[in-house]
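J.: So that we are looking at the same thing, I have put the structure below in structure tokens.
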Amino acid sequence: MANEITLTIDGKQVTVPAGTLIVDAARELGIDIPVFCYHPKMEPVGMCRMCLVEVGRPMVDRATNQPVMEADGTPKLQFGPKMETACTTPVSAGMVVIGMSDKVKAARNDVLEFLLTSHPLDCPICDKGGECPLQNLTMGFGKGSSRFEFEDKQHNQKHVPLGELIYLDRERCIQCGRCVRFQKDLADDPVIGFYQRGRNLVIDTSSEPGFDSIFSGNTTDICPVGALTTADFRFGARPWELKSAASLCNHCAVGCNLTYNTRREAKSDGNVVIKRAMPRQNEAVNEIWLCDKGRFGYHFAESHQRLEKPLIRKDGELVESTWDEALDMAAKELRAYGFRFVSLASGRLSNEDLYEIKQLTENLHGQACLYSPMAGGDLTPLIGYADPQGLSRVGKGTVIVVAASNLHQEAPIWWMQVRAAVKRGAKLIVVNARSTRLDKFASAVVRYRFGREAEAVLSLVPAAETSGESGKIIAAAENLVVLYGSDGIGLEGSRQVAAASAELLRASNLLGKPGSGLLPVWQRANDQGAWDTGFTPVDDLAKVVSEADGVLIAGADPAGDHPAYAAALKKAKFIIVQEQFLTKTAQLADIVFPVQSMLERDGSYTNGTRRVQRFMPVVEKLPGTRPDYLVTAQVRQKVVHSNLEFISAAQVFMVLAAHLPDYQNLTYATLMETVPQHPILGRSDVYYGGTSFENRQGLGVQLGTAANRRDKYSLPAAPSTQNQLPDLEHAEELMAVPVAELLDTGTITQKSVLLGKRTSTPFALMHPKTAQQKGLAAGDKAKISLAGVTYQAVVRVDESVPTLHVLLPRSLGIPLDKPVLVKVIQ
Amino acid sequence: MNQTATKYAREIEDLFAKYPADRKQSAVMPLLHLIQRDFGFINKQAVRDVAEIVGITPTEVASVVGFYTLYHDTPQGKYRFQICNDLPCALRGADQFLAELCKSLGIQPGETTPDGMITVEAVMCLAACDKAPMFQVQGPQGITYHENQTVEGALQLTKELAGKEVKA
Amino acid sequence: MANGVYEMMRGLWQTFRSAWTKPVTIQYPEVKRQVSKRYRGRHALKRYANGLEKCIGCSLCAAACPADAIFVEASEQTDENRYSPGERYASTYEINYLRCIFCGLCEDACPTEAIVLEDNYELSFETRESAIYTKDMLLDAVSAPNQPTPRKVKPGSFNRSVPEMKDPVD
């Protein structure tokens, strides 16, 4: 092929695409060219000079423009007088690279000596010690001892907290700028930067709060020295003492692959505890990145408020009981009330749990409800975005539409990937009622008033009269990805947006291409799995619950989220709750089964792109608890006298795979298959990609869609373009709409002390005019009265927010699951 | 509120007129000059204000302040005597000049006289190697070069500056 | 016959002679044996002359230990509560003497010469738990009463965790 180039590195030939850098080409051959500043996910800068190699190119006769040949007929090579940086030099045909000569070794030795002139050599107490590129490369290429006296070295501050999450050791910094470039180029949060210059150069932050970025943890992975370390892992353990367990992040629909490092320690009463979460490379999901919520939000597993014994209600009080008694009671009551049975589960549960609950619900002829304000999970098996490479390779020719989603807060890693896709040439259209952080990368921005989401999405259909510029962009698209979220909408709004997005995709005539499809930004990790196993959200959950005889709630706390649900649950005759904590919902239950967190057991999640991925047990299970699927299976066994054959997650998954057509042929073994990924990262040579882990525990399996298989399917009719919300012009009240906030106070995040310091305060985001109208200004405390209860929120203003609306965060104490009218006063 | 924006509203408008509308960040350096001219240094609040005005992060503005040696982030004397003591100047006695000047003023290099008028500091090359010992004076009026200096001459200059101050 | 008597007398002469030599046995535990300078007995965690602990909790001894006998947990310290120089100290330090083979590799690995195998060979245990020596059992006594750890020190006076060290001579 014309765009493939063959070159020789250290005597071995390799063929790589044109434009590949020498350092990456060498990597393909398994030849290590050490680097500090270069990172395969970022633009090269050639700052550290560690990668100097000798480069020879075929000599060309200037007069004839013909290659000069040696006597034996081989091309004559011309080596430059100086060495070249392998990280900035692209390969060229016939190039010969010498990556390991005495000259190269001497250069590396010198570079290392310069880097170490003021490096403190406190490796024994450094958190990076043991997985430190500088340490490793010094062992490989450096001098045995330093020529610099300690007193002659430059001494800088050793312990600089850059915000609550990241600590900086300025002495250890080698000024490679990886962190600065990551924050600027990939995270778009240039909140850390160089300060001063030359020998005095330090990394500094001036943001408020310090290092104000939700991607900050990644800088500690890619820092080639121990300059940036997390506050979470500070002096937690030495890296070689840690055990690894592959897991998944359960905070959002991206489904980031991560590896938990655990250790049994005296500090934690001799228990095995998680010491840190590290990304595990999966180019189709999270590449090698994690957001701070995923990285630091695992502390829920350590909470001491966990339930350890089943609780049953006796004389109106919840008392501790035994498993046998509680299971018997559950079965007896369910047999008595079994005719109007409702199960309510959320995407916090794994596929296995959800499948078992669904089976029980079917046995009892009940209704399986999904606790989610988002619709469209029935469309994804038909027209979902199912590119096996995920969003990480999207580029030129693709148009990405992000509708009704504040992606930065709803799914940070997807936000980063969408932004990277735009950099690679993809076109972005943002459809949102207010400005979001994606707007500045968008080719077109479509604004609407809340309630008219579907209309706005439909206006993009190229044939539509109103489509305009964005319609033209879509008409020229080779691939179309439509992401929709839940920014400012409830279930009904979500249903409209989903249908409108499906209509947009259908009208684009791009369905059936693997790079096109619908991608819902679910709120929970396994919402898609819940849809696939047969759960659907219901419009009036309170009504459904209050009319039920028996209710099974798992992985959800409706009573804690909304007083209306609490009231409804009080009306239900009999409630079983499967929970880790004594939540408000659990307090209303008749039976509470203590279950294990995902960190104590195995299972599988289906992420937003419908990639089924597996997680393994990380820590020891809390005595007395059982996994959700087992609890449900045991209840079911007693209710319908089914066989309890399926007692391990793997067995449940086998049955699930046999019954769900899309999951056919899937087993835990297939989920654990891996293929070589590029760039090659995460091995012991941490200098190249950082300390992310190599993925040896499974990349998961991407499910196909009906459209891609060319099956027959039918989509819902295009939604009406009518305003879904009442006219506000003359109302006294404001329309409150719920929006997502990444660092909220959900059941899981609030247990993390570190993240707690970064948790948002409840806010009320309004148009300045609306605020003025209500006598409020930015920073004021507003009282928001909602269904007779008053909540406090700090006023924020944004001119892009439609007037007469107020945006309130979900899961920050204000119960809001759909747009409602509220009174806002001073 | 952004006091810098209010205070320099007219200057900011003039500055922005010089640059394309989508390249507002080009005005960072002239803006910092404005602030430093009036205050002698650029404090954290000013950094935040400038960042808001030009639409970049405070960290990026701070990087600019840190990179250029003529911007200062700490309050020092009103006039900064910046003496070059790089190698060629040192060969012509710059180090000795620096030491003697400091001794005469009763301060250490990098320190400020008690009246807050003069700061003496050693700096990198000022491109006048052949005329060393030399220094530049950075003050509210701008930067002036003083070449082929003697300690007496420099002290005379400090007196002149102090006299000017009294008159003003 | 005469030969037999001779042999017997020769043997008894040995006995007779030994009766007058100094015995090798000692009256342990009243009398304790002097061990060689390089004897490897029970470990001790040493202190600097100023009373601060030498151990910085780096776990290199645990990494070097072929018998996995050492367990270290580190924590952060401040100038208000200072145990050792630098930012880090060992909050837990345990040696399991049922596992220890007294090879001395921990001593070699230690970057601060904090752990030293000394001449104490009196190790006997009745339970498995009592074979685990904790930090307070291993740590040397404070040389002066006004130098306890943790203690409050002047901020910034002990920033260097790993000191400059000459190659050990013995």
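Every chain in the structure tokens takes a letter, A first, then B, and so on in the order presented; its residues are numbered from 1, and the ligands are numbered from 1 following the presented order.
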Once you count only C-alpha atoms, which residues of chain A turn out to be within 7 Å of chain C? Could you give them as JSON, numbers by chain?

T.: {"A": [122, 124, 125, 235, 236, 237]}

J.: Give me a file of those residues, with C-alpha atoms, as a PDB file, in the first residue's frame.

T.:
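New file again25.pdb:
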```pdb
ATOM      1  CA  ASP A 122      13.758   9.948  47.789  1.00  0.00           C
ATOM      2  CA  PRO A 124      12.072   4.943  49.219  1.00  0.00           C
ATOM      3  CA  ILE A 125       9.261   7.219  50.315  1.00  0.00           C
ATOM      4  CA  PHE A 235       1.786   6.474  51.339  1.00  0.00           C
ATOM      5  CA  GLY A 236      -0.924   3.854  51.033  1.00  0.00           C
ATOM      6  CA  ALA A 237       1.376   1.001  50.049  1.00  0.00           C
TER       7      ALA A 237
END
```

J.: As a PDB file with N, CA and C atoms, in the first residue's frame, please: all residues of chain C that backbone DSSP puts in helix (DSSP H, G or I).

T.:
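The new file result.pdb reads:
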```pdb
ATOM      1  N   ALA C   2      48.190 -55.571  77.399  1.00  0.00           N
ATOM      2  CA  ALA C   2      48.871 -54.325  77.779  1.00  0.00           C
ATOM      3  C   ALA C   2      48.452 -53.194  76.843  1.00  0.00           C
ATOM      4  N   ASN C   3      48.267 -53.579  75.604  1.00  0.00           N
ATOM      5  CA  ASN C   3      47.827 -52.585  74.622  1.00  0.00           C
ATOM      6  C   ASN C   3      46.483 -52.009  75.008  1.00  0.00           C
ATOM      7  N   GLY C   4      45.575 -52.909  75.487  1.00  0.00           N
ATOM      8  CA  GLY C   4      44.226 -52.474  75.873  1.00  0.00           C
ATOM      9  C   GLY C   4      44.280 -51.510  77.033  1.00  0.00           C
ATOM     10  N   VAL C   5      45.115 -51.811  78.009  1.00  0.00           N
ATOM     11  CA  VAL C   5      45.233 -50.924  79.168  1.00  0.00           C
ATOM     12  C   VAL C   5      45.747 -49.560  78.728  1.00  0.00           C
ATOM     13  N   TYR C   6      46.681 -49.605  77.819  1.00  0.00           N
ATOM     14  CA  TYR C   6      47.254 -48.343  77.341  1.00  0.00           C
ATOM     15  C   TYR C   6      46.175 -47.469  76.689  1.00  0.00           C
ATOM     16  N   GLU C   7      45.374 -48.138  75.890  1.00  0.00           N
ATOM     17  CA  GLU C   7      44.331 -47.380  75.190  1.00  0.00           C
ATOM     18  C   GLU C   7      43.356 -46.786  76.178  1.00  0.00           C
ATOM     19  N   MET C   8      43.011 -47.578  77.194  1.00  0.00           N
ATOM     20  CA  MET C   8      42.049 -47.107  78.193  1.00  0.00           C
ATOM     21  C   MET C   8      42.617 -45.909  78.943  1.00  0.00           C
ATOM     22  N   MET C   9      43.920 -46.021  79.319  1.00  0.00           N
ATOM     23  CA  MET C   9      44.557 -44.952  80.066  1.00  0.00           C
ATOM     24  C   MET C   9      44.622 -43.679  79.215  1.00  0.00           C
ATOM     25  N   ARG C  10      44.825 -43.904  77.963  1.00  0.00           N
ATOM     26  CA  ARG C  10      44.915 -42.741  77.069  1.00  0.00           C
ATOM     27  C   ARG C  10      43.564 -41.999  77.023  1.00  0.00           C
ATOM     28  N   GLY C  11      42.523 -42.797  77.008  1.00  0.00           N
ATOM     29  CA  GLY C  11      41.189 -42.195  77.007  1.00  0.00           C
ATOM     30  C   GLY C  11      40.913 -41.467  78.302  1.00  0.00           C
ATOM     31  N   LEU C  12      41.269 -42.104  79.402  1.00  0.00           N
ATOM     32  CA  LEU C  12      40.998 -41.495  80.706  1.00  0.00           C
ATOM     33  C   LEU C  12      41.828 -40.239  80.905  1.00  0.00           C
ATOM     34  N   TRP C  13      43.020 -40.248  80.315  1.00  0.00           N
ATOM     35  CA  TRP C  13      43.886 -39.062  80.397  1.00  0.00           C
ATOM     36  C   TRP C  13      43.182 -37.860  79.771  1.00  0.00           C
ATOM     37  N   GLN C  14      42.517 -38.140  78.706  1.00  0.00           N
ATOM     38  CA  GLN C  14      41.742 -37.072  78.042  1.00  0.00           C
ATOM     39  C   GLN C  14      40.695 -36.518  79.015  1.00  0.00           C
ATOM     40  N   THR C  15      39.986 -37.435  79.676  1.00  0.00           N
ATOM     41  CA  THR C  15      38.971 -37.034  80.642  1.00  0.00           C
ATOM     42  C   THR C  15      39.606 -36.238  81.770  1.00  0.00           C
ATOM     43  N   PHE C  16      40.712 -36.758  82.270  1.00  0.00           N
ATOM     44  CA  PHE C  16      41.413 -36.120  83.384  1.00  0.00           C
ATOM     45  C   PHE C  16      41.851 -34.710  83.004  1.00  0.00           C
ATOM     46  N   ARG C  17      42.387 -34.630  81.781  1.00  0.00           N
ATOM     47  CA  ARG C  17      42.887 -33.341  81.348  1.00  0.00           C
ATOM     48  C   ARG C  17      41.740 -32.335  81.198  1.00  0.00           C
ATOM     49  N   SER C  18      40.602 -32.791  80.646  1.00  0.00           N
ATOM     50  CA  SER C  18      39.470 -31.898  80.439  1.00  0.00           C
ATOM     51  C   SER C  18      38.916 -31.383  81.759  1.00  0.00           C
ATOM     52  N   ALA C  19      39.034 -32.191  82.793  1.00  0.00           N
ATOM     53  CA  ALA C  19      38.502 -31.769  84.088  1.00  0.00           C
ATOM     54  C   ALA C  19      39.170 -30.501  84.564  1.00  0.00           C
ATOM     55  N   LEU C  60      11.065  -1.469  51.921  1.00  0.00           N
ATOM     56  CA  LEU C  60      12.056  -2.179  51.121  1.00  0.00           C
ATOM     57  C   LEU C  60      12.541  -3.434  51.836  1.00  0.00           C
ATOM     58  N   CYS C  61      12.551  -3.402  53.184  1.00  0.00           N
ATOM     59  CA  CYS C  61      12.933  -4.591  53.937  1.00  0.00           C
ATOM     60  C   CYS C  61      11.935  -5.711  53.674  1.00  0.00           C
ATOM     61  N   ALA C  62      10.632  -5.322  53.648  1.00  0.00           N
ATOM     62  CA  ALA C  62       9.597  -6.316  53.387  1.00  0.00           C
ATOM     63  C   ALA C  62       9.745  -6.887  51.981  1.00  0.00           C
ATOM     64  N   ALA C  63      10.150  -6.013  51.049  1.00  0.00           N
ATOM     65  CA  ALA C  63      10.313  -6.479  49.681  1.00  0.00           C
ATOM     66  C   ALA C  63      11.513  -7.410  49.571  1.00  0.00           C
ATOM     67  N   ALA C  64      12.551  -7.117  50.349  1.00  0.00           N
ATOM     68  CA  ALA C  64      13.768  -7.923  50.257  1.00  0.00           C
ATOM     69  C   ALA C  64      13.615  -9.240  51.005  1.00  0.00           C
ATOM     70  N   LEU C 105      18.946  -9.785  54.862  1.00  0.00           N
ATOM     71  CA  LEU C 105      18.713  -9.048  53.618  1.00  0.00           C
ATOM     72  C   LEU C 105      17.962  -7.746  53.886  1.00  0.00           C
ATOM     73  N   CYS C 106      17.134  -7.728  54.933  1.00  0.00           N
ATOM     74  CA  CYS C 106      16.403  -6.500  55.276  1.00  0.00           C
ATOM     75  C   CYS C 106      17.390  -5.395  55.615  1.00  0.00           C
ATOM     76  N   GLU C 107      18.419  -5.782  56.323  1.00  0.00           N
ATOM     77  CA  GLU C 107      19.444  -4.832  56.726  1.00  0.00           C
ATOM     78  C   GLU C 107      20.127  -4.237  55.482  1.00  0.00           C
ATOM     79  N   ASP C 108      20.401  -5.104  54.526  1.00  0.00           N
ATOM     80  CA  ASP C 108      21.036  -4.643  53.281  1.00  0.00           C
ATOM     81  C   ASP C 108      20.119  -3.717  52.507  1.00  0.00           C
ATOM     82  N   ALA C 109      18.829  -4.010  52.531  1.00  0.00           N
ATOM     83  CA  ALA C 109      17.892  -3.249  51.714  1.00  0.00           C
ATOM     84  C   ALA C 109      17.594  -1.884  52.297  1.00  0.00           C
ATOM     85  N   GLU C 129       0.842 -15.755  68.023  1.00  0.00           N
ATOM     86  CA  GLU C 129       0.678 -14.296  68.075  1.00  0.00           C
ATOM     87  C   GLU C 129       1.907 -13.651  68.704  1.00  0.00           C
ATOM     88  N   SER C 130       2.438 -14.305  69.735  1.00  0.00           N
ATOM     89  CA  SER C 130       3.539 -13.663  70.452  1.00  0.00           C
ATOM     90  C   SER C 130       4.824 -13.704  69.630  1.00  0.00           C
ATOM     91  N   ALA C 131       4.825 -14.437  68.534  1.00  0.00           N
ATOM     92  CA  ALA C 131       6.011 -14.452  67.677  1.00  0.00           C
ATOM     93  C   ALA C 131       6.058 -13.235  66.774  1.00  0.00           C
ATOM     94  N   LYS C 135       6.108  -2.765  66.313  1.00  0.00           N
ATOM     95  CA  LYS C 135       7.091  -1.690  66.226  1.00  0.00           C
ATOM     96  C   LYS C 135       7.599  -1.266  67.603  1.00  0.00           C
ATOM     97  N   ASP C 136       6.713  -1.168  68.574  1.00  0.00           N
ATOM     98  CA  ASP C 136       7.169  -0.709  69.882  1.00  0.00           C
ATOM     99  C   ASP C 136       8.098  -1.726  70.548  1.00  0.00           C
ATOM    100  N   MET C 137       7.998  -2.999  70.153  1.00  0.00           N
ATOM    101  CA  MET C 137       8.915  -3.992  70.705  1.00  0.00           C
ATOM    102  C   MET C 137      10.279  -3.923  70.023  1.00  0.00           C
ATOM    103  N   LEU C 138      10.269  -3.550  68.752  1.00  0.00           N
ATOM    104  CA  LEU C 138      11.519  -3.560  67.981  1.00  0.00           C
ATOM    105  C   LEU C 138      12.297  -2.259  68.105  1.00  0.00           C
TER     106      LEU C 138
END
```

J.: When you look at segment 35-41 of chain B with a cut-off of 9 Å (counting only C-alpha atoms), what residues show up, excluding the ones that are within fewer than 6 positions of it in the same chain? I need them as a ChimeraX atom specification.

T.: /B:4,71-79,139-142

J.: Which parts of segment 163-382 of chain A does DSSP call strand (DSSP E) when run on the backbone here, written out as a compact mmCIF listing (two decimals) with C-alpha atoms, in the first residue's frame?

T.:
```txt
# COMPACT_ATOMS: atom_id res chain seq x y z
CA ILE A 166 -3.65 15.65 43.79
CA TYR A 167 -0.37 16.39 45.54
CA LEU A 168 2.62 17.86 43.78
CA ILE A 192 -2.35 23.53 35.75
CA GLY A 193 0.48 25.24 33.99
CA PHE A 194 4.15 26.05 34.09
CA TYR A 195 5.22 28.87 36.33
CA VAL A 202 7.41 24.57 38.52
CA ILE A 203 3.91 23.28 37.93
CA ASP A 204 1.28 25.48 39.48
CA THR A 205 -2.45 25.95 39.53
CA LEU A 228 2.01 14.16 40.87
CA THR A 229 0.47 11.66 43.23
CA THR A 230 -3.05 11.23 44.50
CA LYS A 243 -2.86 -7.25 44.40
CA SER A 244 -4.90 -6.47 41.33
CA ALA A 245 -8.49 -7.25 40.52
CA ALA A 246 -10.18 -6.34 37.26
CA SER A 247 -13.41 -4.47 37.66
CA LEU A 248 -15.66 -1.92 36.06
CA ASN A 257 -12.47 -0.69 32.67
CA LEU A 258 -10.40 -0.38 35.76
CA THR A 259 -8.19 -2.40 38.01
CA TYR A 260 -8.51 -2.13 41.73
CA ASN A 261 -5.34 -2.57 43.73
CA THR A 262 -5.96 -4.14 47.08
CA ARG A 263 -3.97 -4.94 50.17
CA ARG A 264 -4.67 -6.56 53.50
CA GLU A 265 -3.69 -4.04 56.10
CA ASN A 271 -9.24 -6.60 56.10
CA VAL A 272 -8.45 -6.59 52.43
CA VAL A 273 -9.14 -3.06 51.28
CA ILE A 274 -8.93 -1.20 48.01
CA LYS A 275 -5.93 1.07 47.97
CA ARG A 276 -6.44 2.66 44.59
CA ALA A 277 -8.30 2.42 41.30
CA MET A 278 -6.26 2.41 38.12
CA PRO A 279 -7.47 2.46 34.52
CA LEU A 311 -34.15 -7.41 58.76
CA ILE A 312 -37.81 -8.29 59.10
CA ARG A 313 -40.67 -6.22 60.37
CA LYS A 314 -42.12 -7.51 63.61
CA GLU A 317 -40.27 -2.57 63.93
CA LEU A 318 -37.45 -3.79 61.73
CA VAL A 319 -35.53 -6.40 63.68
CA GLU A 320 -32.55 -8.53 62.80
CA PHE A 341 -46.41 -7.75 42.12
CA VAL A 342 -44.04 -4.99 41.10
CA SER A 343 -40.28 -5.22 41.02
CA LEU A 344 -38.28 -2.03 40.92
CA ALA A 345 -34.63 -2.27 40.05
CA GLN A 367 -44.44 -5.77 36.38
CA ALA A 368 -40.70 -5.19 36.12
CA CYS A 369 -39.99 -1.47 36.47
CA LEU A 370 -36.71 0.24 35.80
```

J.: Tell me as a PyMOL selection string which residues belonging to chain B come within 8 Å of chain A, counting only C-alpha atoms.

T.: chain B and resi 57-60+62-68

J.: Would you mind reading off the distance between atom CA of Ile70 of chain C and atom CA of Met165 of chain C, one decimal, in Å?

T.: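 Distance between the two atoms: 23.6 Å.
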
J.: What is the atom CA of Ile42 of chain B-atom CA of Ala5 of chain B distance in Å, reported with one decimal?

T.: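 Going from atom CA of Ile42 of chain B over to atom CA of Ala5 of chain B covers 14.6 Å.
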
J.: Near Ser101 of chain A, within 10 Å and counting only C-alpha atoms, which residues show up once chain neighbours fewer than 4 positions away are dropped, as a VMD selection string?

T.: chain A and resid 10 53 to 54 105 to 107

J.: What's around Arg23 of chain B at 12 Å? Count only C-alpha atoms, leave out sequence neighbours fewer than 4 positions away in its own chain, and write the answer as a CSV table (one decimal) with N, CA and C atoms, in the first residue's frame.

T.:
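See out17.csv below for the written result:
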```csv
chain,number,residue,atom,x,y,z
B,15,LEU,N,-7.4,47.9,23.3
B,15,LEU,CA,-6.5,46.7,23.1
B,15,LEU,C,-7.2,45.7,22.3
B,16,PHE,N,-8.5,45.4,22.6
B,16,PHE,CA,-9.2,44.4,21.9
B,16,PHE,C,-9.4,44.8,20.4
B,17,ALA,N,-9.5,46.1,20.2
B,17,ALA,CA,-9.6,46.5,18.8
B,17,ALA,C,-8.4,46.1,17.9
B,18,LYS,N,-7.3,45.9,18.6
B,18,LYS,CA,-6.0,45.6,17.8
B,18,LYS,C,-6.0,44.2,17.4
B,19,TYR,N,-6.8,43.3,18.1
B,19,TYR,CA,-6.7,41.9,17.8
B,19,TYR,C,-8.0,41.4,17.2
B,27,ALA,N,-4.4,39.9,24.1
B,27,ALA,CA,-4.3,41.1,24.9
B,27,ALA,C,-3.8,40.9,26.3
B,28,VAL,N,-3.4,39.6,26.6
B,28,VAL,CA,-2.9,39.3,28.0
B,28,VAL,C,-1.8,40.2,28.4
B,53,ILE,N,-11.3,38.6,31.7
B,53,ILE,CA,-11.4,39.6,30.6
B,53,ILE,C,-11.1,38.9,29.3
B,54,VAL,N,-10.0,38.2,29.2
B,54,VAL,CA,-9.6,37.7,27.9
B,54,VAL,C,-10.1,36.2,27.7
B,55,GLY,N,-10.7,35.6,28.6
B,55,GLY,CA,-11.4,34.4,28.4
B,55,GLY,C,-10.4,33.2,28.4
B,56,ILE,N,-9.4,33.2,29.2
B,56,ILE,CA,-8.6,32.0,29.4
B,56,ILE,C,-8.5,31.7,30.9
```

J.: Find the residues around Arg42 of chain C up to 9 Å (only C-alpha atoms counted), leave out those fewer than 4 positions away in its own chain, and share them as number ranges by chain.

T.: C: 97, 102, 116-123, 138

J.: Just the residues within 6 Å of His767 of chain A, please, counting only C-alpha atoms, with nothing from its chain fewer than 4 positions along; format it as JSON, numbers by chain.

T.: {"A": [797, 798, 799, 801, 803]}

J.: Keeping only N, CA and C atoms, write the selected residues as an mmCIF file, in the first residue's frame.

T.:
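Everything below was put into again.cif:
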```
data_model
loop_
_atom_site.group_PDB
_atom_site.id
_atom_site.type_symbol
_atom_site.label_atom_id
_atom_site.label_comp_id
_atom_site.auth_asym_id
_atom_site.auth_seq_id
_atom_site.Cartn_x
_atom_site.Cartn_y
_atom_site.Cartn_z
ATOM 1 N N VAL A 797 -26.163 32.089 37.601
ATOM 2 C CA VAL A 797 -26.834 32.647 36.427
ATOM 3 C C VAL A 797 -26.056 32.293 35.171
ATOM 4 N N ASP A 798 -26.816 32.131 34.097
ATOM 5 C CA ASP A 798 -26.232 31.810 32.803
ATOM 6 C C ASP A 798 -27.184 32.360 31.757
ATOM 7 N N GLU A 799 -26.655 33.168 30.874
ATOM 8 C CA GLU A 799 -27.521 33.829 29.897
ATOM 9 C C GLU A 799 -28.106 32.857 28.887
ATOM 10 N N VAL A 801 -29.492 30.002 29.547
ATOM 11 C CA VAL A 801 -30.647 29.269 30.086
ATOM 12 C C VAL A 801 -31.914 30.007 29.670
ATOM 13 N N THR A 803 -35.386 31.821 29.767
ATOM 14 C CA THR A 803 -35.996 32.559 30.868
ATOM 15 C C THR A 803 -37.147 31.754 31.461
#
```
